[in-house]
>>> print(open('coords37.txt').read())   # compact mmCIF, C-alpha atoms and all ligand atoms
# COMPACT_ATOMS: atom_id res chain seq x y z
CA GLY S 1 1.85 56.61 60.86
CA ALA S 2 1.88 59.18 63.61
CA THR S 3 3.70 62.49 63.37
CA ILE S 4 5.87 63.79 66.18
CA GLY S 5 6.18 67.55 66.56
CA ILE S 6 9.53 68.86 67.78
CA LEU S 7 10.05 72.39 69.09
CA GLY S 8 13.53 73.51 68.05
CA GLY S 9 15.62 72.66 65.01
CA GLY S 10 19.18 72.15 66.24
CA GLN S 11 21.28 68.99 66.20
CA LEU S 12 19.25 67.39 68.97
CA GLY S 13 16.08 67.85 66.90
CA ARG S 14 17.92 66.45 63.91
CA MET S 15 18.98 63.28 65.71
CA LEU S 16 15.50 62.90 67.23
CA SER S 17 14.04 63.12 63.73
CA VAL S 18 16.37 60.41 62.43
CA ALA S 19 15.45 58.12 65.32
CA ALA S 20 11.75 58.79 64.79
CA ALA S 21 12.04 57.99 61.09
CA ARG S 22 13.68 54.66 61.96
CA LEU S 23 10.58 53.75 63.94
CA GLY S 24 8.24 54.75 61.12
CA PHE S 25 7.17 58.13 62.47
CA LYS S 26 7.14 61.39 60.62
CA THR S 27 8.52 64.51 62.26
CA CYS S 28 7.50 68.13 62.04
CA ILE S 29 9.81 70.73 63.50
CA PHE S 30 8.88 74.21 64.70
CA GLU S 31 11.90 76.46 64.36
CA PRO S 32 12.11 80.19 63.56
CA GLY S 33 15.45 79.78 61.74
CA GLY S 34 15.56 78.59 58.14
CA ASP S 35 18.54 76.42 57.29
CA CYS S 36 18.82 74.54 60.58
CA PRO S 37 20.24 71.05 61.27
CA ALA S 38 16.83 69.42 61.86
CA SER S 39 15.24 70.98 58.76
CA HIS S 40 17.47 68.79 56.56
CA VAL S 41 15.98 65.56 57.89
CA ALA S 42 12.50 66.33 59.30
CA ASN S 43 9.45 65.75 57.09
CA TYR S 44 7.92 69.17 57.76
CA HIS S 45 9.25 72.49 58.99
CA PHE S 46 7.11 75.28 60.40
CA GLN S 47 9.39 78.28 60.06
CA ALA S 48 7.70 80.79 62.32
CA ALA S 49 8.19 82.74 65.52
CA TYR S 50 7.08 81.29 68.87
CA GLU S 51 4.79 84.33 69.15
CA ASP S 52 2.96 83.38 65.93
CA GLU S 53 -0.26 81.92 67.33
CA ASP S 54 -1.61 80.96 63.93
CA ALA S 55 1.53 79.00 63.05
CA LEU S 56 1.50 77.28 66.46
CA ARG S 57 -2.11 76.18 65.90
CA LYS S 58 -1.33 74.79 62.46
CA PHE S 59 1.74 73.02 63.82
CA ALA S 60 -0.29 71.42 66.61
CA ALA S 61 -3.00 70.39 64.14
CA SER S 62 -0.45 68.56 61.99
CA VAL S 63 1.13 66.45 64.76
CA ASP S 64 -0.02 63.79 67.25
CA VAL S 65 2.31 64.63 70.13
CA ILE S 66 4.70 67.50 70.84
CA THR S 67 8.19 67.32 72.33
CA TYR S 68 11.16 69.71 72.39
CA GLU S 69 14.90 69.77 72.05
CA PHE S 70 15.61 72.85 74.21
CA GLU S 71 14.15 74.07 77.45
CA ASN S 72 13.77 77.79 76.81
CA ILE S 73 10.49 77.64 74.94
CA PRO S 74 8.45 80.80 75.60
CA THR S 75 5.70 80.22 78.17
CA SER S 76 3.00 81.72 75.94
CA ALA S 77 3.71 79.15 73.19
CA LEU S 78 3.46 76.29 75.69
CA ASP S 79 0.26 77.68 77.19
CA LEU S 80 -1.35 77.41 73.78
CA LEU S 81 0.22 74.16 72.59
CA GLU S 82 -0.68 72.14 75.66
CA THR S 83 -4.37 72.93 75.12
CA LEU S 84 -4.12 71.43 71.62
CA LYS S 85 -1.92 68.32 71.87
CA PRO S 86 -0.04 66.39 74.55
CA VAL S 87 3.32 68.03 75.31
CA ARG S 88 5.92 65.54 76.61
CA PRO S 89 7.85 65.94 78.84
CA GLY S 90 5.19 67.97 80.61
CA ARG S 91 5.07 71.50 81.88
CA GLU S 92 6.45 70.86 85.36
CA ALA S 93 9.82 69.73 84.00
CA LEU S 94 10.12 72.93 81.99
CA ARG S 95 9.00 75.14 84.85
CA VAL S 96 11.64 73.63 87.12
CA SER S 97 14.53 73.59 84.66
CA GLN S 98 14.03 76.96 82.93
CA ASP S 99 15.26 78.84 85.99
CA ARG S 100 18.39 77.76 87.87
CA LEU S 101 17.05 79.14 91.16
CA THR S 102 13.77 77.19 90.87
CA GLU S 103 15.74 74.10 89.82
CA LYS S 104 18.25 74.22 92.70
CA THR S 105 15.43 74.87 95.19
CA TYR S 106 13.38 71.97 93.81
CA LEU S 107 16.31 69.53 93.98
CA ALA S 108 17.30 70.66 97.47
CA ASP S 109 13.69 70.26 98.64
CA MET S 110 13.82 66.67 97.39
CA GLY S 111 16.68 66.09 99.78
CA LEU S 112 19.29 65.94 97.04
CA SER S 113 22.65 67.52 97.54
CA VAL S 114 23.34 70.69 95.48
CA ALA S 115 25.96 73.47 95.66
CA PRO S 116 25.24 76.14 98.28
CA PHE S 117 23.26 78.82 96.44
CA ALA S 118 21.55 82.18 96.86
CA ALA S 119 19.55 84.50 94.63
CA VAL S 120 21.27 87.64 93.34
CA ALA S 121 19.55 90.74 91.99
CA ASP S 122 22.03 93.54 92.73
CA ALA S 123 25.29 94.42 94.50
CA GLN S 124 23.67 94.25 97.91
CA SER S 125 22.16 90.77 97.47
CA LEU S 126 25.43 89.60 95.91
CA GLU S 127 27.28 90.58 99.05
CA ALA S 128 24.78 88.68 101.18
CA ALA S 129 25.00 85.69 98.81
CA ILE S 130 28.80 85.59 99.10
CA ALA S 131 28.46 85.61 102.87
CA ALA S 132 26.16 82.58 102.52
CA THR S 133 28.10 80.50 99.95
CA GLY S 134 31.67 81.59 100.60
CA LEU S 135 34.34 81.99 97.90
CA PRO S 136 35.24 80.86 95.32
CA ALA S 137 31.78 80.94 93.78
CA ILE S 138 30.14 81.15 90.37
CA LEU S 139 27.58 83.76 89.45
CA LYS S 140 25.16 82.47 86.77
CA THR S 141 22.18 84.03 85.04
CA ARG S 142 19.06 82.23 86.25
CA ARG S 143 17.75 81.75 82.71
CA PHE S 144 18.98 81.04 79.17
CA GLY S 145 22.56 79.98 80.02
CA TYR S 146 24.22 77.09 78.19
CA ASP S 147 27.77 75.99 77.31
CA GLY S 148 29.00 78.06 80.27
CA LYS S 149 27.56 81.29 78.81
CA GLY S 150 26.18 83.81 81.28
CA GLN S 151 28.57 82.72 84.04
CA ALA S 152 31.29 84.58 85.93
CA ARG S 153 33.67 83.14 88.49
CA ILE S 154 34.32 85.06 91.68
CA MET S 155 37.62 83.95 93.16
CA THR S 156 38.17 86.93 95.48
CA ALA S 157 36.03 89.90 96.56
CA GLU S 158 37.81 91.99 93.89
CA ASP S 159 36.09 90.00 91.12
CA THR S 160 32.64 90.96 92.39
CA PRO S 161 31.87 94.16 90.42
CA GLN S 162 32.95 92.65 87.09
CA ALA S 163 30.97 89.45 87.73
CA LEU S 164 27.85 91.48 88.46
CA ALA S 165 28.41 93.60 85.33
CA ASP S 166 28.71 90.37 83.29
CA MET S 167 25.10 89.49 84.25
CA GLN S 168 23.95 92.62 82.36
CA GLY S 169 21.16 93.20 84.85
CA ALA S 170 19.63 89.73 84.46
CA PRO S 171 18.43 87.93 87.62
CA ALA S 172 21.23 85.65 88.79
CA ILE S 173 22.13 82.89 91.21
CA LEU S 174 25.39 82.56 93.13
CA GLU S 175 26.68 79.03 93.60
CA GLY S 176 29.47 78.07 95.93
CA PHE S 177 32.27 76.25 94.12
CA VAL S 178 31.96 72.49 94.46
CA ASP S 179 35.34 70.83 94.94
CA PHE S 180 34.70 67.82 92.74
CA SER S 181 37.11 65.15 91.54
CA HIS S 182 35.25 64.67 88.26
CA GLU S 183 31.90 65.17 86.55
CA VAL S 184 29.44 62.50 85.45
CA SER S 185 25.95 62.48 84.03
CA VAL S 186 23.06 60.08 83.88
CA ILE S 187 20.77 59.94 80.89
CA GLY S 188 17.48 58.67 82.27
CA ALA S 189 14.20 57.84 80.59
CA ARG S 190 10.67 57.46 81.89
CA GLY S 191 7.83 55.98 79.86
CA LEU S 192 4.17 56.95 79.75
CA ASP S 193 3.49 53.91 81.96
CA GLY S 194 5.90 55.21 84.62
CA SER S 195 8.67 52.72 83.95
CA VAL S 196 12.19 54.09 84.33
CA ALA S 197 15.41 53.09 82.56
CA CYS S 198 18.79 54.78 82.87
CA PHE S 199 21.82 54.54 80.63
CA ASP S 200 25.16 53.79 82.22
CA PRO S 201 26.62 57.02 83.71
CA GLY S 202 29.19 58.81 81.54
CA GLU S 203 32.18 60.84 82.69
CA ASN S 204 32.31 64.34 81.28
CA VAL S 205 35.23 66.67 80.61
CA HIS S 206 34.51 70.33 79.87
CA ARG S 207 36.80 72.94 78.34
CA ASP S 208 35.93 76.65 78.32
CA GLY S 209 32.51 75.72 79.74
CA ILE S 210 31.72 73.42 76.78
CA LEU S 211 31.48 69.64 76.93
CA ARG S 212 34.52 68.13 75.16
CA THR S 213 34.33 64.40 75.90
CA THR S 214 32.10 61.82 77.53
CA THR S 215 33.65 58.49 78.48
CA VAL S 216 31.80 55.32 79.44
CA PRO S 217 32.15 53.65 81.79
CA ALA S 218 32.63 56.57 84.19
CA ARG S 219 35.00 56.22 87.14
CA LEU S 220 32.45 55.42 89.85
CA SER S 221 32.25 52.88 92.65
CA ALA S 222 29.32 50.46 92.58
CA ALA S 223 27.69 52.50 95.35
CA GLN S 224 28.16 55.80 93.48
CA ARG S 225 26.80 54.23 90.30
CA SER S 226 23.61 53.10 92.00
CA ASP S 227 23.30 56.46 93.80
CA ALA S 228 23.52 58.24 90.45
CA VAL S 229 20.87 56.06 88.84
CA LEU S 230 18.55 56.09 91.86
CA LEU S 231 18.57 59.86 92.27
CA THR S 232 17.86 60.23 88.56
CA ALA S 233 14.87 57.90 88.89
CA GLN S 234 13.72 59.90 91.92
CA ILE S 235 13.78 63.14 89.88
CA LEU S 236 11.97 61.52 86.93
CA ASN S 237 9.25 60.14 89.19
CA ARG S 238 8.81 63.35 91.16
CA LEU S 239 8.28 65.29 87.92
CA ASP S 240 5.91 62.61 86.54
CA TYR S 241 8.27 62.85 83.60
CA VAL S 242 7.82 61.33 80.14
CA GLY S 243 10.91 61.24 77.92
CA VAL S 244 14.68 61.40 78.29
CA MET S 245 16.44 63.66 80.79
CA GLY S 246 20.10 64.50 81.38
CA VAL S 247 21.25 64.83 85.00
CA GLU S 248 24.69 66.40 85.52
CA LEU S 249 26.52 65.41 88.70
CA PHE S 250 29.70 66.38 90.54
CA VAL S 251 31.58 63.53 92.22
CA THR S 252 32.92 64.51 95.64
CA PRO S 253 34.26 62.54 98.61
CA GLN S 254 31.01 63.47 100.41
CA GLY S 255 28.88 61.97 97.64
CA LEU S 256 27.18 63.07 94.44
CA VAL S 257 26.15 66.71 94.06
CA VAL S 258 23.54 67.54 91.42
CA ASN S 259 24.71 70.35 89.12
CA GLU S 260 21.74 70.70 86.77
CA ILE S 261 19.07 68.78 84.93
CA ALA S 262 18.12 69.08 81.26
CA PRO S 263 14.56 68.05 80.28
CA ARG S 264 15.63 66.60 76.92
CA VAL S 265 18.15 64.43 75.18
CA HIS S 266 21.62 65.54 76.23
CA ASN S 267 25.02 66.03 74.61
CA SER S 268 26.60 63.70 77.19
CA GLY S 269 24.25 60.94 75.96
CA HIS S 270 25.50 60.93 72.37
CA TRP S 271 27.74 57.93 73.13
CA THR S 272 24.60 55.77 73.31
CA GLN S 273 24.32 55.96 69.50
CA ASN S 274 27.20 53.53 69.19
CA GLY S 275 27.28 51.94 72.64
CA CYS S 276 23.71 50.73 73.09
CA THR S 277 21.10 48.78 71.17
CA VAL S 278 18.58 51.59 71.72
CA ASP S 279 20.12 55.06 71.97
CA GLN S 280 18.87 58.13 73.85
CA PHE S 281 17.12 59.56 70.78
CA GLU S 282 15.11 56.42 70.10
CA GLN S 283 14.41 56.08 73.82
CA HIS S 284 12.98 59.60 73.89
CA ILE S 285 10.83 58.99 70.80
CA ARG S 286 9.57 55.73 72.31
CA ALA S 287 8.64 57.48 75.56
CA VAL S 288 6.81 60.44 74.01
CA ALA S 289 5.02 58.15 71.55
CA GLY S 290 3.79 55.98 74.42
CA TRP S 291 5.84 52.96 73.39
CA PRO S 292 7.61 50.73 75.90
CA LEU S 293 11.16 51.88 76.67
CA GLY S 294 13.83 50.02 74.73
CA ASP S 295 16.90 48.09 75.81
CA GLY S 296 19.52 50.72 76.69
CA ALA S 297 22.09 48.30 78.07
CA ARG S 298 25.65 49.30 77.15
CA HIS S 299 27.45 46.81 74.90
CA ALA S 300 30.76 48.67 74.43
CA ASP S 301 33.11 51.16 76.02
CA VAL S 302 32.83 54.47 74.18
CA VAL S 303 34.56 57.83 74.14
CA MET S 304 32.43 60.59 72.63
CA GLU S 305 34.32 63.68 71.47
CA ASN S 306 32.54 66.86 70.42
CA LEU S 307 33.70 68.51 67.21
CA ILE S 308 33.69 72.21 67.98
CA GLY S 309 34.56 75.02 65.55
CA ASP S 310 37.81 74.26 63.72
CA ASP S 311 37.73 70.63 64.86
CA MET S 312 35.89 70.21 61.55
CA ASP S 313 39.30 70.39 59.81
CA ARG S 314 39.97 66.95 61.32
CA VAL S 315 36.97 65.32 59.68
CA PRO S 316 38.90 63.71 56.77
CA ALA S 317 41.33 62.10 59.24
CA LEU S 318 38.52 61.07 61.60
CA ALA S 319 36.60 59.52 58.73
CA ALA S 320 39.54 57.18 58.13
CA GLU S 321 39.90 56.12 61.79
CA PRO S 322 38.89 52.57 62.70
CA HIS S 323 36.23 51.96 65.37
CA THR S 324 35.06 55.55 64.98
CA ALA S 325 31.54 56.71 64.11
CA LEU S 326 31.17 60.25 62.78
CA HIS S 327 28.01 62.25 63.42
CA LEU S 328 27.91 65.62 61.62
CA TYR S 329 25.13 68.17 62.00
CA GLY S 330 25.22 69.73 58.52
CA LYS S 331 25.74 73.27 59.85
CA ALA S 332 26.66 75.62 57.03
CA ASP S 333 29.23 77.79 58.78
CA THR S 334 31.88 76.96 61.33
CA LYS S 335 32.18 79.36 64.26
CA PRO S 336 34.47 79.18 67.29
CA GLY S 337 32.66 77.41 70.14
CA ARG S 338 29.96 76.07 67.82
CA LYS S 339 29.10 72.36 68.09
CA MET S 340 29.48 71.01 64.55
CA GLY S 341 29.35 67.27 65.18
CA HIS S 342 30.78 64.52 67.34
CA VAL S 343 32.63 61.24 67.05
CA ASN S 344 32.03 58.08 69.02
CA ARG S 345 35.12 55.92 69.41
CA VAL S 346 34.12 52.39 70.28
CA VAL S 347 36.92 51.20 72.50
CA ARG S 348 35.85 47.63 73.08
P1 LIG P 401 25.42 73.13 79.78
O1 LIG P 401 25.99 73.38 78.43
O2 LIG P 401 25.85 71.83 80.39
O3 LIG P 401 23.95 73.38 79.90
P2 LIG P 401 25.64 75.46 81.50
O4 LIG P 401 25.97 76.69 80.77
O5 LIG P 401 24.23 75.24 81.94
O6 LIG P 401 26.18 74.19 80.71
P3 LIG P 401 26.74 74.56 84.04
O7 LIG P 401 26.53 73.13 83.77
O8 LIG P 401 26.00 75.18 85.16
O9 LIG P 401 26.60 75.48 82.75
O10 LIG P 401 28.29 74.80 84.29
C1 LIG P 401 29.26 74.46 83.29
C2 LIG P 401 30.44 73.83 83.97
O11 LIG P 401 31.03 74.74 84.91
C3 LIG P 401 30.08 72.60 84.81
O12 LIG P 401 29.98 71.44 84.03
C4 LIG P 401 31.26 72.59 85.78
O13 LIG P 401 32.44 72.12 85.13
C5 LIG P 401 31.45 74.07 86.08
N1 LIG P 401 30.60 74.45 87.23
C6 LIG P 401 29.36 74.94 87.17
N2 LIG P 401 28.87 75.17 88.41
C7 LIG P 401 29.82 74.81 89.28
C8 LIG P 401 29.93 74.80 90.71
N3 LIG P 401 28.94 75.26 91.50
N4 LIG P 401 31.08 74.35 91.24
C9 LIG P 401 32.09 73.91 90.47
N5 LIG P 401 32.06 73.90 89.12
C10 LIG P 401 30.94 74.34 88.52
MG MG P 402 22.84 73.88 81.41
MG MG P 403 25.82 71.87 82.43
>>> encode(input="coords37.txt", output="structure tokens", more="lines below")
Ligand code: ATP
Ligand code: MG
Ligand code: MG
Amino acid sequence: GATIGILGGGQLGRMLSVAAARLGFKTCIFEPGGDCPASHVANYHFQAAYEDEDALRKFAASVDVITYEFENIPTSALDLLETLKPVRPGREALRVSQDRLTEKTYLADMGLSVAPFAAVADAQSLEAAIAATGLPAILKTRRFGYDGKGQARIMTAEDTPQALADMQGAPAILEGFVDFSHEVSVIGARGLDGSVACFDPGENVHRDGILRTTTVPARLSAAQRSDAVLLTAQILNRLDYVGVMGVELFVTPQGLVVNEIAPRVHNSGHWTQNGCTVDQFEQHIRAVAGWPLGDGARHADVVMENLIGDDMDRVPALAAEPHTALHLYGKADTKPGRKMGHVNRVVR
């Protein structure tokens, strides 16, 4: 059977490996860390730095296709890998999504609605950006942010110096605050043949910048639901994308506003494991392996709840709950804010 190479060894890589194994594939992860969630289930683990050219070459030689579970893969590693084996999703998706300014510009150029934004490099450009977006606004580092890290809210002009200091000199983007009623996301997939399939949109609740729950079905009108799916398909097609993508949206009275895209399987798609015949992980493996996309129709209502930090203390009780599927990542130590697992409650 074929071997799928996965860059990154976190929980997403772990669940991708499990899905790949179910379809008869082997997986080989590339991850600098040792005892990582994916290393427990993948067939092979290249434990090396992304700067280690020799290790990258050996990794590429041992796999048939390469995918990834996080978007911040160093450019130099990709430059090399894509000369050796197909990398799916392709380079364009990474280029666009690695930098929030590039991403927002790309989406706006497509005619999609995004928060008002402006680039920020220093106090002077921040002042100009505030004049453009208005307040309140959120200052975000352009690169490497996740789970709300690298963000500072500016409610009044007084918050400006601290927000800028929080960026620690990194290039940033200022986004005007979107007055949304709720947040939803679409997990979309595009196959090698260009076919597109989207999972039913989920409704997301965040706490302290971290996703807490995803509920399906989301509260959306029929028109909003088709808007969400159609704009996702538009993004997938424009990027000539192969694989699964997460598209985060704000719901406003004026329509859907795109927050960000993630060129990978997505935390808000974990509900599909117990709500669909083919879940997001299998769908991604199918796409990158050149298989036809599977049937992602939703057969149940599901509430996905992330288990973060001390939520792990609730595992014995959760394990005894009816209609509840536990998914634990096998992380050795619990830290505040760390995603340790999730539960899917099948409501109906
Ligand atoms: P993720 O873990 O999803 O990658 P992230 O660190 O990339 O998160 P964002 O998705 O940009 O961060 O923001 C986190 C949350 O902060 C959003 O889901 C939303 O609740 C809020 N938020 C971000 N940008 C805005 C905005 N322009 N207006 C209103 N709320 C926002
Ligand atoms: Mg993000
Ligand atoms: Mg986000």
>>> closest_residue(input="coords37.txt", among="S:Phe25, S:Trp291, S:Tyr44, S:Tyr146", to="ligand MG 402 (chain P)", atoms="only C-alpha atoms and all ligand atoms")
S:Tyr146
>>> residues_near_ligand(input="coords37.txt", ligand="ligand MG 402 (chain P)", cutoff="12 Å", atoms="all atoms listed in the file", output="NGL selection string")
:S and (70-72 or 97-100 or 103 or 140-151 or 209-211 or 246-249 or 258-264 or 266-268)
>>> residues_around(input="coords37.txt", residues="stretch 73-76 of chain S", least_positions_apart="3", cutoff="7 Å", atoms="all atoms listed in the file", output="number ranges by chain")
S: 50, 79-80
>>> atom_distance(input="coords37.txt", atom1="atom CA of S:Ile187", atom2="atom O1 of ligand LIG 401 (chain P)")
14.6 Å
>>> closest_residue(input="coords37.txt", among="S:Arg95, S:Arg57, S:Arg153, S:Lys335", to="ligand LIG 401 (chain P)", atoms="all atoms listed in the file")
S:Arg153
>>> residues_around(input="coords37.txt", residues="S:Val346", least_positions_apart="6", cutoff="6 Å", atoms="all atoms listed in the file", output="MDAnalysis selection string")
chainID S and resid 301:302 323
>>> write_last_selection(input="coords37.txt", atoms="C-alpha atoms", output="PDB file, keeping the file's coordinate frame")
ATOM      1  CA  ASP S 301      33.110  51.160  76.020  1.00  0.00           C
ATOM      2  CA  VAL S 302      32.830  54.470  74.180  1.00  0.00           C
ATOM      3  CA  HIS S 323      36.230  51.960  65.370  1.00  0.00           C
TER       4      HIS S 323
END
>>> residues_around(input="coords37.txt", residues="S:Ile4", least_positions_apart="5", cutoff="7 Å", atoms="only C-alpha atoms", output="VMD selection string")
chain S and resid 25 to 28 63 to 66
>>> closest_residue(input="coords37.txt", among="S:Thr252, S:Ser221, S:Ser125, S:Thr105", to="ligand LIG 401 (chain P)", atoms="only C-alpha atoms and all ligand atoms")
S:Thr252
>>> closest_atom_pairs(input="coords37.txt", of="stretch 113-136 of chain S", to="stretch 156-175 of chain S", cutoff="8 Å", atoms="all atoms listed in the file", output="CSV")
residue,atom,partner,partner_atom,distance
S:Ala115,CA,S:Glu175,CA,6.0
S:Pro116,CA,S:Glu175,CA,5.7
S:Phe117,CA,S:Glu175,CA,4.5
S:Ala118,CA,S:Leu174,CA,5.4
S:Ala119,CA,S:Ile173,CA,4.6
S:Val120,CA,S:Ala172,CA,5.0
S:Ala121,CA,S:Pro171,CA,5.3
S:Asp122,CA,S:Leu164,CA,7.5
S:Ala123,CA,S:Leu164,CA,7.2
S:Leu126,CA,S:Leu174,CA,7.6
S:Ala129,CA,S:Leu174,CA,6.5
S:Ile130,CA,S:Leu174,CA,7.5
S:Thr133,CA,S:Glu175,CA,6.7
S:Leu135,CA,S:Thr156,CA,6.7
S:Pro136,CA,S:Thr156,CA,6.7
>>> axis_aligned_box(input="coords37.txt", around="stretch 245-249 of chain S", padding_each_side="4 Å", output="JSON")
{"center_x": 21.5, "center_y": 65.0, "center_z": 84.7, "size_x": 18.1, "size_y": 10.7, "size_z": 15.9}
>>> atom_distance(input="coords37.txt", atom1="atom CA of S:Thr334", atom2="atom CA of S:Gly33")
16.7 Å
>>> closest_residue(input="coords37.txt", among="S:Arg348, S:His40, S:His206, S:Lys85", to="ligand LIG 401 (chain P)", atoms="all atoms listed in the file")
S:His206
>>> residues_around(input="coords37.txt", residues="S:Leu78", least_positions_apart="5", cutoff="9 Å", atoms="all atoms listed in the file", output="ChimeraX atom specification")
/S:73,83,87,91
>>> atom_distance(input="coords37.txt", atom1="atom CA of S:Asn237", atom2="atom CA of S:Phe180")
26.8 Å
>>> closest_residue(input="coords37.txt", among="S:His45, S:Arg314, S:Arg212, S:Arg88", to="ligand LIG 401 (chain P)", atoms="all atoms listed in the file")
S:Arg212
>>> decode(input="coords37.txt", residues="stretch 326-339 of chain S", atoms="N, CA and C atoms", output="compact mmCIF listing (two decimals), in the first residue's frame")
# COMPACT_ATOMS: atom_id res chain seq x y z
N LEU S 326 -15.65 9.77 23.13
CA LEU S 326 -14.44 10.42 23.64
C LEU S 326 -13.31 10.27 22.63
N HIS S 327 -12.58 11.34 22.43
CA HIS S 327 -11.39 11.30 21.57
C HIS S 327 -10.25 11.95 22.35
N LEU S 328 -9.29 11.16 22.79
CA LEU S 328 -8.19 11.70 23.60
C LEU S 328 -6.89 11.63 22.79
N TYR S 329 -6.02 12.61 23.01
CA TYR S 329 -4.85 12.76 22.14
C TYR S 329 -3.58 12.12 22.70
N GLY S 330 -3.67 11.56 23.91
CA GLY S 330 -2.50 10.87 24.47
C GLY S 330 -1.36 11.81 24.83
N LYS S 331 -1.68 13.07 25.15
CA LYS S 331 -0.62 14.01 25.54
C LYS S 331 -0.21 13.73 26.98
N ALA S 332 1.10 13.70 27.19
CA ALA S 332 1.62 13.28 28.50
C ALA S 332 1.25 14.27 29.61
N ASP S 333 1.48 15.55 29.39
CA ASP S 333 1.17 16.48 30.49
C ASP S 333 0.10 17.50 30.13
N THR S 334 -0.73 17.73 31.15
CA THR S 334 -1.83 18.68 31.04
C THR S 334 -1.33 20.07 31.36
N LYS S 335 -1.60 21.02 30.46
CA LYS S 335 -1.24 22.42 30.73
C LYS S 335 -2.48 23.28 30.50
N PRO S 336 -2.60 24.39 31.25
CA PRO S 336 -3.74 25.28 31.01
C PRO S 336 -3.76 25.72 29.54
N GLY S 337 -4.93 25.70 28.93
CA GLY S 337 -5.04 26.15 27.54
C GLY S 337 -4.63 25.11 26.52
N ARG S 338 -4.17 23.95 26.97
CA ARG S 338 -3.71 22.92 26.03
C ARG S 338 -4.88 22.02 25.64
N LYS S 339 -5.03 21.78 24.34
CA LYS S 339 -6.09 20.89 23.86
C LYS S 339 -5.67 19.44 24.11
